[in-house]
>>> print(open('coords_9.cif').read())   # mmCIF, C-alpha atoms
data_upload
loop_
_atom_site.label_atom_id
_atom_site.label_comp_id
_atom_site.auth_asym_id
_atom_site.auth_seq_id
_atom_site.Cartn_x
_atom_site.Cartn_y
_atom_site.Cartn_z
CA MET P 1 12.78 -13.10 -45.28
CA PHE P 2 9.17 -14.00 -44.33
CA ALA P 3 6.26 -12.40 -46.18
CA ARG P 4 4.38 -9.72 -44.29
CA LYS P 5 0.79 -10.67 -43.52
CA ILE P 6 -1.98 -8.37 -44.68
CA LEU P 7 -5.66 -8.59 -43.71
CA VAL P 8 -8.01 -7.39 -46.46
CA VAL P 9 -11.47 -6.07 -45.55
CA GLU P 10 -13.54 -5.87 -48.74
CA ASP P 11 -17.07 -7.08 -49.56
CA GLU P 12 -16.76 -7.02 -53.37
CA LYS P 13 -15.63 -10.51 -54.34
CA ILE P 14 -14.00 -9.61 -57.63
CA LEU P 15 -12.11 -6.66 -56.19
CA ALA P 16 -11.08 -8.68 -53.17
CA SER P 17 -9.78 -11.45 -55.40
CA ASN P 18 -7.82 -8.97 -57.53
CA ILE P 19 -6.32 -7.34 -54.44
CA ARG P 20 -5.22 -10.76 -53.16
CA LYS P 21 -3.48 -11.52 -56.44
CA ILE P 22 -1.75 -8.14 -56.51
CA LEU P 23 -0.58 -8.45 -52.93
CA GLN P 24 0.75 -11.96 -53.48
CA LYS P 25 2.50 -10.80 -56.64
CA LEU P 26 4.13 -8.00 -54.62
CA GLY P 27 5.39 -10.58 -52.14
CA TYR P 28 2.85 -10.14 -49.31
CA SER P 29 0.89 -12.87 -47.58
CA VAL P 30 -2.88 -12.34 -47.38
CA SER P 31 -3.91 -13.80 -44.02
CA GLU P 32 -7.67 -13.30 -44.44
CA ILE P 33 -10.34 -11.52 -46.48
CA THR P 34 -13.28 -10.36 -44.38
CA LYS P 35 -16.46 -8.47 -45.23
CA SER P 36 -17.10 -6.29 -42.12
CA GLY P 37 -15.35 -4.17 -39.54
CA GLU P 38 -16.38 -6.45 -36.67
CA ASP P 39 -14.98 -9.51 -38.45
CA ALA P 40 -11.82 -7.54 -39.15
CA ILE P 41 -11.25 -6.92 -35.44
CA LYS P 42 -11.77 -10.61 -34.64
CA LYS P 43 -9.34 -11.67 -37.38
CA VAL P 44 -6.74 -9.16 -36.26
CA ALA P 45 -6.89 -10.70 -32.77
CA GLU P 46 -6.56 -14.20 -34.23
CA THR P 47 -4.01 -13.80 -37.04
CA HIS P 48 -1.90 -10.80 -35.91
CA PRO P 49 -1.35 -9.27 -39.37
CA HIS P 50 1.30 -6.64 -40.09
CA LEU P 51 -1.24 -4.35 -41.80
CA VAL P 52 -4.98 -4.08 -42.48
CA LEU P 53 -6.23 -2.96 -45.91
CA ILE P 54 -9.87 -1.92 -45.42
CA ASP P 55 -12.57 -0.53 -47.68
CA ILE P 56 -13.57 2.78 -46.10
CA CYS P 57 -17.27 1.92 -46.44
CA LEU P 58 -16.73 -0.99 -44.02
CA ALA P 59 -14.70 1.02 -41.51
CA GLY P 60 -17.59 2.35 -39.46
CA GLU P 61 -17.92 2.55 -35.68
CA ILE P 62 -18.43 -0.04 -32.94
CA ASP P 63 -19.89 1.39 -29.73
CA GLY P 64 -18.95 4.86 -30.91
CA VAL P 65 -15.31 3.98 -31.69
CA ARG P 66 -13.95 3.75 -35.23
CA VAL P 67 -12.86 0.31 -36.34
CA ALA P 68 -9.51 1.66 -37.51
CA ASP P 69 -8.89 3.26 -34.11
CA ILE P 70 -9.59 -0.04 -32.36
CA ILE P 71 -7.20 -1.87 -34.67
CA GLU P 72 -4.45 0.74 -34.37
CA ASN P 73 -4.76 1.56 -30.65
CA GLN P 74 -5.68 -1.81 -29.17
CA PHE P 75 -3.72 -4.14 -31.48
CA HIS P 76 -1.06 -1.69 -32.70
CA VAL P 77 -1.56 -2.64 -36.35
CA PRO P 78 -1.43 0.06 -39.09
CA VAL P 79 -4.49 0.59 -41.30
CA VAL P 80 -4.69 1.68 -44.96
CA TYR P 81 -8.08 2.71 -46.37
CA LEU P 82 -9.36 1.79 -49.82
CA THR P 83 -11.55 4.60 -51.16
CA ASP P 84 -12.87 5.85 -54.49
CA SER P 85 -12.65 9.47 -55.62
CA SER P 86 -16.16 10.45 -54.45
CA GLU P 87 -15.64 8.99 -50.98
CA TYR P 88 -12.26 10.68 -50.80
CA LYS P 89 -13.75 14.12 -51.43
CA THR P 90 -16.36 13.58 -48.69
CA LEU P 91 -14.15 12.02 -46.02
CA HIS P 92 -10.64 13.34 -46.53
CA LYS P 93 -11.16 16.27 -44.15
CA ASN P 94 -11.77 14.15 -41.04
CA GLN P 95 -10.76 10.53 -41.66
CA LEU P 96 -8.13 10.73 -44.39
CA ASN P 97 -5.90 13.35 -42.83
CA ASP P 98 -2.73 11.26 -43.19
CA ALA P 99 -1.13 11.35 -46.64
CA PHE P 100 -0.24 7.64 -46.50
CA SER P 101 -3.31 6.27 -44.71
CA TYR P 102 -5.36 5.66 -47.90
CA ILE P 103 -5.23 4.76 -51.59
CA VAL P 104 -7.84 5.87 -54.13
CA LYS P 105 -9.47 3.26 -56.38
CA PRO P 106 -8.78 2.36 -59.08
CA PHE P 107 -5.09 2.04 -58.36
CA ILE P 108 -2.03 0.49 -59.96
CA GLU P 109 0.26 -2.03 -58.33
CA SER P 110 3.05 0.42 -57.69
CA ASP P 111 0.70 2.86 -55.91
CA LEU P 112 -0.63 0.09 -53.66
CA HIS P 113 2.90 -1.14 -52.97
CA PHE P 114 4.07 2.36 -52.10
CA ALA P 115 1.08 3.05 -49.79
CA ILE P 116 1.58 -0.23 -47.91
CA GLU P 117 5.33 0.19 -47.50
CA MET P 118 4.97 3.79 -46.34
CA ALA P 119 2.31 2.78 -43.82
CA LEU P 120 4.54 -0.01 -42.50
CA TYR P 121 7.55 2.31 -42.39
CA LYS P 122 5.63 5.01 -40.51
CA HIS P 123 4.27 2.43 -38.08
CA GLN P 124 7.74 1.05 -37.43
CA THR P 125 9.17 4.54 -37.00
CA LYS P 126 6.37 5.45 -34.61
CA LYS P 127 6.97 2.23 -32.67
CA ILE P 128 10.66 3.03 -32.35
CA LEU P 129 9.87 6.54 -31.13
CA LEU P 130 7.31 5.18 -28.68
CA ASP P 131 9.81 2.62 -27.40
CA GLU P 132 12.40 5.35 -26.94
CA GLU P 133 9.82 7.52 -25.19
CA LYS P 134 8.87 4.62 -22.93
CA GLN P 135 12.52 4.06 -22.08
CA ARG P 136 12.98 7.75 -21.24
CA LEU P 137 9.78 7.71 -19.17
CA ALA P 138 10.87 4.52 -17.39
CA ALA P 139 14.26 6.11 -16.63
CA ILE P 140 12.53 9.17 -15.16
CA ILE P 141 10.09 7.08 -13.10
CA ASN P 142 12.85 4.79 -11.85
CA SER P 143 14.92 7.77 -10.71
CA MET P 144 12.06 9.35 -8.75
CA GLY P 145 12.15 9.37 -4.97
CA TYR P 146 8.57 8.10 -4.86
CA ALA P 147 7.00 4.72 -5.50
CA VAL P 148 5.19 4.72 -8.86
CA ILE P 149 2.77 2.10 -10.20
CA VAL P 150 1.12 2.46 -13.63
CA THR P 151 -2.03 0.57 -14.60
CA CYS P 152 -3.90 0.17 -17.88
CA ALA P 153 -7.59 1.02 -18.32
CA ASN P 154 -8.78 -2.18 -16.61
CA SER P 155 -6.67 -1.32 -13.50
CA CYS P 156 -4.13 -4.08 -14.19
CA ILE P 157 -0.50 -3.22 -13.49
CA GLN P 158 1.70 -2.24 -16.45
CA MET P 159 4.82 -1.16 -14.60
CA MET P 160 6.22 -0.33 -11.17
CA ASN P 161 9.49 1.33 -10.25
CA PRO P 162 12.13 -0.06 -7.84
CA ILE P 163 10.85 1.96 -4.87
CA ALA P 164 7.35 0.53 -5.41
CA GLU P 165 8.91 -2.95 -5.50
CA ARG P 166 10.78 -2.31 -2.25
CA ILE P 167 7.76 -0.90 -0.37
CA THR P 168 5.18 -3.46 -1.55
CA GLY P 169 7.49 -6.46 -1.53
CA TRP P 170 6.39 -7.35 -5.07
CA LYS P 171 8.75 -7.59 -8.05
CA GLN P 172 7.53 -5.99 -11.26
CA SER P 173 7.80 -9.34 -13.05
CA GLU P 174 5.40 -10.84 -10.47
CA ALA P 175 2.96 -7.92 -10.50
CA LEU P 176 2.56 -7.35 -14.25
CA GLY P 177 -1.02 -8.03 -15.37
CA LYS P 178 -2.37 -8.34 -11.83
CA ASP P 179 -5.19 -6.11 -10.62
CA LEU P 180 -3.86 -3.20 -8.56
CA VAL P 181 -5.67 -4.36 -5.39
CA GLU P 182 -3.83 -7.69 -5.49
CA VAL P 183 -0.48 -5.93 -5.15
CA VAL P 184 -1.45 -2.71 -3.35
CA ASN P 185 -3.60 -4.03 -0.51
CA LEU P 186 -4.81 -0.96 1.39
CA VAL P 187 -6.71 -0.74 4.68
CA ASP P 188 -7.81 2.07 6.98
CA LYS P 189 -5.51 1.87 10.02
CA ILE P 190 -8.20 3.15 12.39
CA THR P 191 -11.25 1.13 11.25
CA GLY P 192 -9.45 -1.86 9.74
CA GLU P 193 -11.71 -1.64 6.69
CA THR P 194 -10.35 -2.49 3.25
CA ILE P 195 -9.92 0.48 0.91
CA GLY P 196 -11.45 -0.23 -2.52
CA ASN P 197 -9.86 -0.18 -5.96
CA LEU P 198 -8.61 3.39 -6.27
CA ALA P 199 -7.41 2.91 -9.85
CA ARG P 200 -10.87 1.90 -10.97
CA HIS P 201 -12.33 4.92 -9.16
CA VAL P 202 -10.10 7.51 -10.84
CA ILE P 203 -10.50 5.85 -14.24
CA GLU P 204 -14.29 6.07 -13.90
CA THR P 205 -14.39 9.62 -12.50
CA GLY P 206 -11.40 11.12 -14.29
CA GLU P 207 -10.34 12.93 -11.10
CA VAL P 208 -7.13 12.92 -9.08
CA LEU P 209 -7.66 11.24 -5.71
CA ASN P 210 -5.56 11.74 -2.60
CA LEU P 211 -4.90 8.56 -0.64
CA PRO P 212 -7.24 8.40 2.37
CA GLU P 213 -6.06 9.49 5.80
CA ASN P 214 -4.68 6.60 7.89
CA CYS P 215 -4.04 4.65 4.65
CA THR P 216 -1.97 1.56 5.44
CA LEU P 217 -0.37 -0.78 2.90
CA ILE P 218 -0.26 -4.49 3.68
CA THR P 219 2.92 -5.69 1.97
CA LYS P 220 3.40 -9.06 0.31
CA ASP P 221 4.89 -10.49 3.53
CA GLY P 222 2.14 -9.00 5.73
CA LYS P 223 4.00 -5.96 7.05
CA GLU P 224 1.97 -2.79 7.62
CA ILE P 225 3.32 0.48 6.20
CA ALA P 226 1.66 3.90 6.38
CA ILE P 227 1.63 5.47 2.91
CA GLY P 228 0.44 8.76 1.44
CA ASP P 229 0.12 10.80 -1.79
CA ASN P 230 -2.31 10.30 -4.68
CA ILE P 231 -3.56 8.38 -7.69
CA ALA P 232 -4.46 10.07 -10.98
CA PRO P 233 -5.96 9.10 -14.35
CA ILE P 234 -3.65 8.85 -17.38
CA ARG P 235 -4.93 10.48 -20.58
CA ASP P 236 -3.74 10.12 -24.16
CA GLY P 237 -3.33 12.98 -26.63
CA ASP P 238 -7.06 12.98 -27.34
CA GLY P 239 -7.99 13.22 -23.66
CA ASN P 240 -9.13 9.60 -23.39
CA ILE P 241 -8.33 7.85 -20.10
CA THR P 242 -5.97 4.95 -20.74
CA GLY P 243 -5.09 3.99 -17.18
CA ALA P 244 -4.00 5.31 -13.81
CA VAL P 245 -0.76 6.20 -12.05
CA LEU P 246 -0.36 5.68 -8.31
CA VAL P 247 2.37 7.76 -6.67
CA PHE P 248 3.06 7.09 -3.00
CA GLN P 249 5.71 7.05 -0.30
CA ASP P 250 6.34 5.43 3.05
CA ILE P 251 5.21 8.04 5.60
CA THR P 252 5.81 5.93 8.70
CA LYS P 253 8.45 8.34 10.04
CA ARG P 254 6.21 11.32 9.32
CA LYS P 255 3.34 9.66 11.19
CA GLU P 256 5.65 8.93 14.11
CA THR P 257 6.80 12.55 14.13
CA GLU P 258 3.20 13.78 14.03
CA ALA P 259 2.30 11.44 16.88
CA GLN P 260 5.28 12.69 18.89
CA LEU P 261 4.28 16.31 18.28
CA MET P 262 0.76 15.41 19.38
CA ARG P 263 2.11 13.82 22.55
CA ASN P 264 4.31 16.84 23.20
CA ALA P 265 1.37 19.20 22.75
CA PHE P 266 -1.23 17.32 24.78
CA TYR P 267 0.60 14.95 27.13
CA ASP P 268 2.95 15.46 30.03
CA GLY P 269 6.51 14.53 29.08
CA LEU P 270 7.31 12.93 32.46
CA THR P 271 4.19 10.96 33.43
CA ALA P 272 2.63 10.53 29.95
CA LEU P 273 -0.67 11.71 31.44
CA PRO P 274 -2.82 14.28 29.60
CA ASN P 275 -1.55 17.78 30.29
CA ARG P 276 -3.38 20.97 31.24
CA ILE P 277 -4.33 21.76 27.60
CA LEU P 278 -5.88 18.36 26.90
CA PHE P 279 -7.65 18.27 30.26
CA LEU P 280 -9.25 21.66 29.64
CA ASP P 281 -10.34 20.52 26.17
CA ARG P 282 -11.99 17.37 27.54
CA LEU P 283 -13.62 19.35 30.34
CA THR P 284 -14.98 21.83 27.79
CA GLN P 285 -16.52 18.97 25.79
CA THR P 286 -18.03 17.50 28.95
CA ILE P 287 -19.61 20.85 29.90
CA GLU P 288 -21.13 21.12 26.41
CA ARG P 289 -22.44 17.54 26.70
CA SER P 290 -24.11 18.36 30.03
CA LYS P 291 -25.93 21.30 28.41
CA ARG P 292 -27.65 18.85 26.04
CA ARG P 293 -28.58 16.40 28.81
CA SER P 294 -30.24 17.61 32.00
CA ASP P 295 -29.46 14.30 33.77
CA TYR P 296 -25.74 14.30 32.88
CA TYR P 297 -23.52 14.81 35.95
CA PHE P 298 -19.76 15.01 36.20
CA ALA P 299 -17.14 16.04 38.73
CA VAL P 300 -13.65 17.50 38.84
CA LEU P 301 -11.08 16.56 41.49
CA PHE P 302 -8.06 18.81 42.10
CA LEU P 303 -5.19 16.98 43.87
CA ASP P 304 -2.09 18.36 45.52
CA LEU P 305 0.40 15.87 46.95
CA ASP P 306 1.11 16.43 50.64
CA GLY P 307 4.81 16.56 51.48
CA PHE P 308 6.16 16.14 47.95
CA LYS P 309 8.60 19.04 48.38
CA GLU P 310 10.25 17.25 51.30
CA ILE P 311 10.68 14.08 49.19
CA ASN P 312 12.20 16.09 46.35
CA ASP P 313 14.56 18.00 48.65
CA ARG P 314 15.67 14.93 50.61
CA PHE P 315 16.12 12.35 47.84
CA GLY P 316 16.77 14.53 44.77
CA HIS P 317 14.91 15.38 41.63
CA GLY P 318 15.60 12.00 40.01
CA VAL P 319 13.75 10.15 42.78
CA GLY P 320 11.16 12.90 42.82
CA ASP P 321 10.45 12.39 39.09
CA ASP P 322 10.24 8.60 39.52
CA PHE P 323 7.87 9.16 42.42
CA LEU P 324 5.55 11.34 40.29
CA VAL P 325 5.51 8.69 37.54
CA ALA P 326 4.57 5.99 40.06
CA ILE P 327 1.84 8.24 41.50
CA ALA P 328 0.46 8.79 38.01
CA ARG P 329 0.10 5.03 37.50
CA ARG P 330 -1.67 4.67 40.84
CA LEU P 331 -4.10 7.45 40.00
CA GLU P 332 -4.91 5.75 36.68
CA SER P 333 -5.61 2.49 38.50
CA CYS P 334 -8.24 4.22 40.66
CA LEU P 335 -10.37 5.39 37.70
CA ARG P 336 -12.72 3.96 35.12
CA GLY P 337 -11.69 3.70 31.47
CA GLY P 338 -13.68 6.77 30.39
CA ASP P 339 -12.37 9.08 33.13
CA THR P 340 -9.38 11.39 32.74
CA VAL P 341 -6.47 12.05 35.08
CA ALA P 342 -4.03 14.80 34.09
CA ARG P 343 -0.85 16.28 35.48
CA PHE P 344 -1.74 19.92 35.90
CA GLY P 345 1.76 21.03 36.87
CA GLY P 346 4.39 20.22 39.50
CA ASP P 347 2.78 17.86 42.02
CA GLU P 348 -0.77 18.88 41.11
CA PHE P 349 -3.14 16.48 39.34
CA THR P 350 -6.71 16.84 38.12
CA VAL P 351 -9.36 14.18 37.56
CA LEU P 352 -12.48 14.36 35.40
CA LEU P 353 -15.21 11.89 36.33
CA GLU P 354 -17.88 11.70 33.66
CA ASP P 355 -21.45 10.44 33.78
CA ILE P 356 -21.71 9.98 37.56
CA LYS P 357 -24.91 9.50 39.55
CA ASP P 358 -24.23 12.09 42.26
CA ILE P 359 -21.47 13.59 44.40
CA THR P 360 -21.10 10.29 46.27
CA ASP P 361 -19.40 8.74 43.21
CA ALA P 362 -16.80 11.52 43.33
CA THR P 363 -16.13 11.19 47.07
CA ASN P 364 -15.75 7.41 46.71
CA VAL P 365 -13.05 7.97 44.06
CA ALA P 366 -11.32 10.49 46.37
CA LYS P 367 -11.28 7.90 49.17
CA ARG P 368 -9.97 5.24 46.80
CA ILE P 369 -7.16 7.56 45.71
CA GLN P 370 -6.20 8.30 49.33
CA ASP P 371 -6.08 4.58 50.16
CA SER P 372 -3.89 3.90 47.11
CA LEU P 373 -1.45 6.72 47.83
CA ARG P 374 -0.90 5.58 51.43
CA LEU P 375 0.62 2.30 50.20
CA PRO P 376 4.45 2.57 50.27
CA LEU P 377 6.45 2.85 47.04
CA SER P 378 9.87 1.22 46.71
CA LEU P 379 12.19 3.59 44.80
CA ASN P 380 15.99 3.30 44.77
CA GLY P 381 15.91 1.37 48.01
CA TYR P 382 13.63 3.84 49.76
CA GLN P 383 10.10 3.17 50.97
CA LEU P 384 8.10 6.28 50.13
CA SER P 385 4.45 7.15 50.57
CA THR P 386 2.29 10.25 50.45
CA THR P 387 -1.20 11.56 50.83
CA ALA P 388 -3.13 14.19 48.91
CA SER P 389 -5.37 17.11 49.59
CA ILE P 390 -8.31 16.84 47.20
CA GLY P 391 -10.85 19.49 46.21
CA ILE P 392 -14.07 18.34 44.57
CA THR P 393 -16.68 20.19 42.55
CA TRP P 394 -19.46 18.95 40.33
CA ASN P 395 -21.91 20.47 37.88
CA PHE P 396 -24.68 21.19 40.37
CA SER P 397 -24.42 24.88 39.51
CA ASN P 398 -24.38 24.48 35.70
CA TYR P 399 -20.85 25.61 34.99
CA GLU P 400 -20.34 27.46 31.68
CA GLU P 401 -16.53 27.66 31.66
CA PRO P 402 -13.92 25.01 32.57
CA ALA P 403 -11.71 27.65 34.23
CA THR P 404 -14.49 28.48 36.69
CA MET P 405 -14.97 24.84 37.63
CA LEU P 406 -11.23 24.33 38.11
CA ARG P 407 -11.03 27.49 40.26
CA ASP P 408 -13.74 26.15 42.57
CA ALA P 409 -12.05 22.74 42.78
CA ASP P 410 -8.77 24.49 43.62
CA ILE P 411 -10.50 26.51 46.37
CA ALA P 412 -11.90 23.26 47.80
CA MET P 413 -8.44 21.68 47.67
CA TYR P 414 -6.94 24.49 49.80
CA ARG P 415 -9.81 24.08 52.23
CA ALA P 416 -8.83 20.39 52.54
CA LYS P 417 -5.22 21.41 53.29
CA ARG P 418 -6.38 23.77 56.02
CA GLN P 419 -8.39 20.93 57.50
CA GLY P 420 -5.19 18.94 58.08
CA LYS P 421 -4.29 17.47 54.66
CA ALA P 422 -4.82 13.80 53.62
CA THR P 423 -8.51 14.52 53.13
CA TYR P 424 -10.98 15.95 50.64
CA ALA P 425 -13.36 18.91 50.61
CA ILE P 426 -16.38 19.61 48.42
CA PHE P 427 -16.87 23.11 47.02
CA SER P 428 -20.11 24.70 48.09
#
>>> encode(input="coords_9.cif", output="structure tokens")
Amino acid sequence: MFARKILVVEDEKILASNIRKILQKLGYSVSEITKSGEDAIKKVAETHPHLVLIDICLAGEIDGVRVADIIENQFHVPVVYLTDSSEYKTLHKNQLNDAFSYIVKPFIESDLHFAIEMALYKHQTKKILLDEEKQRLAAIINSMGYAVIVTCANSCIQMMNPIAERITGWKQSEALGKDLVEVVNLVDKITGETIGNLARHVIETGEVLNLPENCTLITKDGKEIAIGDNIAPIRDGDGNITGAVLVFQDITKRKETEAQLMRNAFYDGLTALPNRILFLDRLTQTIERSKRRSDYYFAVLFLDLDGFKEINDRFGHGVGDDFLVAIARRLESCLRGGDTVARFGGDEFTVLLEDIKDITDATNVAKRIQDSLRLPLSLNGYQLSTTASIGITWNFSNYEEPATMLRDADIAMYRAKRQGKATYAIFS
């Protein structure tokens, strides 16, 4: 059986020499003898002792952290203090609260042997308990229905569960020790901008952070996946932040459902054009915009297809629906990118022309629509065409409500029908 290595931190040469002899006599190996707490930390990193025996006068603080805490928490090495009776009385209330974490000088060999063995036994027992706790925690995390990634305080990955492996495309063995942003590459789906290191953010602020809206994960093989949930700091028993835990899930289906609900609420199910609700909303925004700009002009066109009922009755609703879809595409082709055409209901359509110079721009669009609709459509072997009666109004009278503007456009449309259809009329 190999001898357990012990690092001695003592600045009194004679005492240090005696301690070395006693330890060697008891069967231990003395790896080093150092004279300060800082040197002790360096030697622990270099020699990896099983235990550190340190004079309590040398166990001060480095950057506000006790040397013993650094040794125990960072290097997982147990510490036993050497103290005399006067130091013990002063410090036992805050530093020497563990019955086997110190030995009072002068001591006999058996007392030193007992203190060291008890410290090693407690450390080993604690390690076993921690390992068991880690195994239980890993079992819980691995059984969760969410992806989980745990980082240490420097935002490097410590573990990830199988769902996180599946979503990211990274195996845990590949990801361990890598910075979180190397494995969890996040971008904003709308702007395309990279989302920064969220682990570092929550570690610095100590606050739980929800993943940003439109958060998209770029997987190892370049696939884009919409994800959601949050990332939170991990704290130890003393409240110190030791890392971060990212919990997330693939929300692609949820996003698709939300998009479908949005389409159902604001777009016509047949033609995919904006519906009445969305058109009114855009018209409301345009009216508000015109109130802020005296030189901002816009127009509304109200269209009713001439003779659509006859097409529907003669060829059936299937052909009638296909005809409306084809008309919708033609109307779109007659407009600029910023204009809106909506299916208002049945065979009625509305058009919003924004930022026009005068009423001539609106009448030119009406003429262009008429010319487009006169071109025959080939549907199910039939050559079909139509015309439209179009009513036009524009914001010459400073409209306050969209309903009023649509009413006037509708009145103008019926005037166009009375004039013989296939034409337009301007409300005045």
>>> closest_residue(input="coords_9.cif", among="P:Leu217, P:Asn154, P:Lys417, P:Ser173", to="Arg200 of chain P", atoms="all atoms listed in the file")
P:Asn154
>>> resolve_selection(input="coords_9.cif", expression="the PyMOL selection byres ((chain P and resi 411) around 10)", output="PDB file with C-alpha atoms, keeping the file's coordinate frame")
ATOM      1  CA  PHE P 302      -8.060  18.810  42.100  1.00  0.00           C
ATOM      2  CA  ILE P 390      -8.310  16.840  47.200  1.00  0.00           C
ATOM      3  CA  GLY P 391     -10.850  19.490  46.210  1.00  0.00           C
ATOM      4  CA  ILE P 392     -14.070  18.340  44.570  1.00  0.00           C
ATOM      5  CA  THR P 393     -16.680  20.190  42.550  1.00  0.00           C
ATOM      6  CA  MET P 405     -14.970  24.840  37.630  1.00  0.00           C
ATOM      7  CA  LEU P 406     -11.230  24.330  38.110  1.00  0.00           C
ATOM      8  CA  ARG P 407     -11.030  27.490  40.260  1.00  0.00           C
ATOM      9  CA  ASP P 408     -13.740  26.150  42.570  1.00  0.00           C
ATOM     10  CA  ALA P 409     -12.050  22.740  42.780  1.00  0.00           C
ATOM     11  CA  ASP P 410      -8.770  24.490  43.620  1.00  0.00           C
ATOM     12  CA  ALA P 412     -11.900  23.260  47.800  1.00  0.00           C
ATOM     13  CA  MET P 413      -8.440  21.680  47.670  1.00  0.00           C
ATOM     14  CA  TYR P 414      -6.940  24.490  49.800  1.00  0.00           C
ATOM     15  CA  ARG P 415      -9.810  24.080  52.230  1.00  0.00           C
ATOM     16  CA  ALA P 416      -8.830  20.390  52.540  1.00  0.00           C
ATOM     17  CA  ALA P 425     -13.360  18.910  50.610  1.00  0.00           C
ATOM     18  CA  ILE P 426     -16.380  19.610  48.420  1.00  0.00           C
ATOM     19  CA  PHE P 427     -16.870  23.110  47.020  1.00  0.00           C
ATOM     20  CA  SER P 428     -20.110  24.700  48.090  1.00  0.00           C
TER      21      SER P 428
END
>>> residues_around(input="coords_9.cif", residues="Ile356 of chain P", least_positions_apart="2", cutoff="10 Å", atoms="all atoms listed in the file", output="list in words")
Asp295, Tyr296, Tyr297, Phe298, Ala299, Leu353, Glu354, Asp358, Ile359, Thr360, Asp361, Ala362 and Trp394 of chain P
>>> resolve_selection(input="coords_9.cif", expression="the PyMOL selection byres ((chain P and resi 178) around 10)", output="PDB file with C-alpha atoms, in the coordinates of the input")
ATOM      1  CA  THR P 151      -2.030   0.570 -14.600  1.00  0.00           C
ATOM      2  CA  SER P 155      -6.670  -1.320 -13.500  1.00  0.00           C
ATOM      3  CA  CYS P 156      -4.130  -4.080 -14.190  1.00  0.00           C
ATOM      4  CA  ILE P 157      -0.500  -3.220 -13.490  1.00  0.00           C
ATOM      5  CA  GLN P 158       1.700  -2.240 -16.450  1.00  0.00           C
ATOM      6  CA  GLU P 174       5.400 -10.840 -10.470  1.00  0.00           C
ATOM      7  CA  ALA P 175       2.960  -7.920 -10.500  1.00  0.00           C
ATOM      8  CA  LEU P 176       2.560  -7.350 -14.250  1.00  0.00           C
ATOM      9  CA  GLY P 177      -1.020  -8.030 -15.370  1.00  0.00           C
ATOM     10  CA  ASP P 179      -5.190  -6.110 -10.620  1.00  0.00           C
ATOM     11  CA  LEU P 180      -3.860  -3.200  -8.560  1.00  0.00           C
ATOM     12  CA  VAL P 181      -5.670  -4.360  -5.390  1.00  0.00           C
ATOM     13  CA  GLU P 182      -3.830  -7.690  -5.490  1.00  0.00           C
ATOM     14  CA  VAL P 183      -0.480  -5.930  -5.150  1.00  0.00           C
TER      15      VAL P 183
END
>>> resolve_selection(input="coords_9.cif", expression="the PyMOL selection byres ((chain P and resi 16) around 12)", output="list in words")
Leu7, Val8, Val9, Glu10, Asp11, Glu12, Lys13, Ile14, Leu15, Ser17, Asn18, Ile19, Arg20, Lys21, Ile22, Leu23, Val30, Glu32, Ile33, Thr34, Lys35, Leu53, Ile54, Asp55 and Leu82 of chain P
>>> closest_residue(input="coords_9.cif", among="P:Leu120, P:Ala403, P:Val150, P:Ala115", to="Pro49 of chain P", atoms="all atoms listed in the file")
P:Leu120
>>> closest_residue(input="coords_9.cif", among="P:Val187, P:Ile287, P:Thr257, P:Asp236", to="Ser397 of chain P", atoms="only C-alpha atoms")
P:Ile287
>>> axis_aligned_box(input="coords_9.cif", around="segment 322-330 of chain P", padding_each_side="8 Å", output="JSON")
{"center_x": 4.3, "center_y": 8.0, "center_z": 40.0, "size_x": 27.9, "size_y": 22.7, "size_z": 20.9}
>>> atom_distance(input="coords_9.cif", atom1="atom CA of Val44 of chain P", atom2="atom CA of Asn240 of chain P")
22.9 Å
>>> atom_distance(input="coords_9.cif", atom1="atom CA of Val245 of chain P", atom2="atom CA of Gly228 of chain P")
13.8 Å
>>> closest_residue(input="coords_9.cif", among="P:Ile190, P:Ala388, P:Ala45, P:Val65", to="Phe308 of chain P", atoms="only C-alpha atoms")
P:Ala388
>>> closest_residue(input="coords_9.cif", among="P:Asp39, P:Asn398, P:Tyr28, P:Pro212", to="Gly196 of chain P", atoms="all atoms listed in the file")
P:Pro212
>>> closest_residue(input="coords_9.cif", among="P:Val351, P:Leu301, P:Ala422, P:Leu331", to="Leu278 of chain P", atoms="all atoms listed in the file")
P:Val351
>>> closest_atom_pairs(input="coords_9.cif", of="segment 267-295 of chain P", to="segment 258-262 of chain P", cutoff="12 Å", atoms="only C-alpha atoms", output="CSV")
residue,atom,partner,partner_atom,distance
P:Tyr267,CA,P:Met262,CA,7.8
P:Asp268,CA,P:Met262,CA,10.9
P:Gly269,CA,P:Gln260,CA,10.4
P:Ala272,CA,P:Gln260,CA,11.6
P:Pro274,CA,P:Met262,CA,10.9
P:Asn275,CA,P:Met262,CA,11.4
P:Ile277,CA,P:Met262,CA,11.6
P:Leu278,CA,P:Met262,CA,10.5
>>> decode(input="coords_9.cif", residues="segment 155-167 of chain P", atoms="C-alpha atoms", output="CSV table (one decimal), in the first residue's frame")
chain,number,residue,atom,x,y,z
P,155,SER,CA,-19.2,28.8,-18.1
P,156,CYS,CA,-17.5,25.6,-19.3
P,157,ILE,CA,-19.7,22.6,-19.6
P,158,GLN,CA,-19.7,20.0,-16.8
P,159,MET,CA,-22.5,17.8,-18.0
P,160,MET,CA,-25.4,17.5,-20.4
P,161,ASN,CA,-28.3,15.1,-20.5
P,162,PRO,CA,-29.3,12.8,-23.4
P,163,ILE,CA,-32.0,15.2,-24.7
P,164,ALA,CA,-29.4,18.1,-24.8
P,165,GLU,CA,-27.1,15.8,-26.8
P,166,ARG,CA,-29.9,15.0,-29.2
P,167,ILE,CA,-31.0,18.6,-29.7
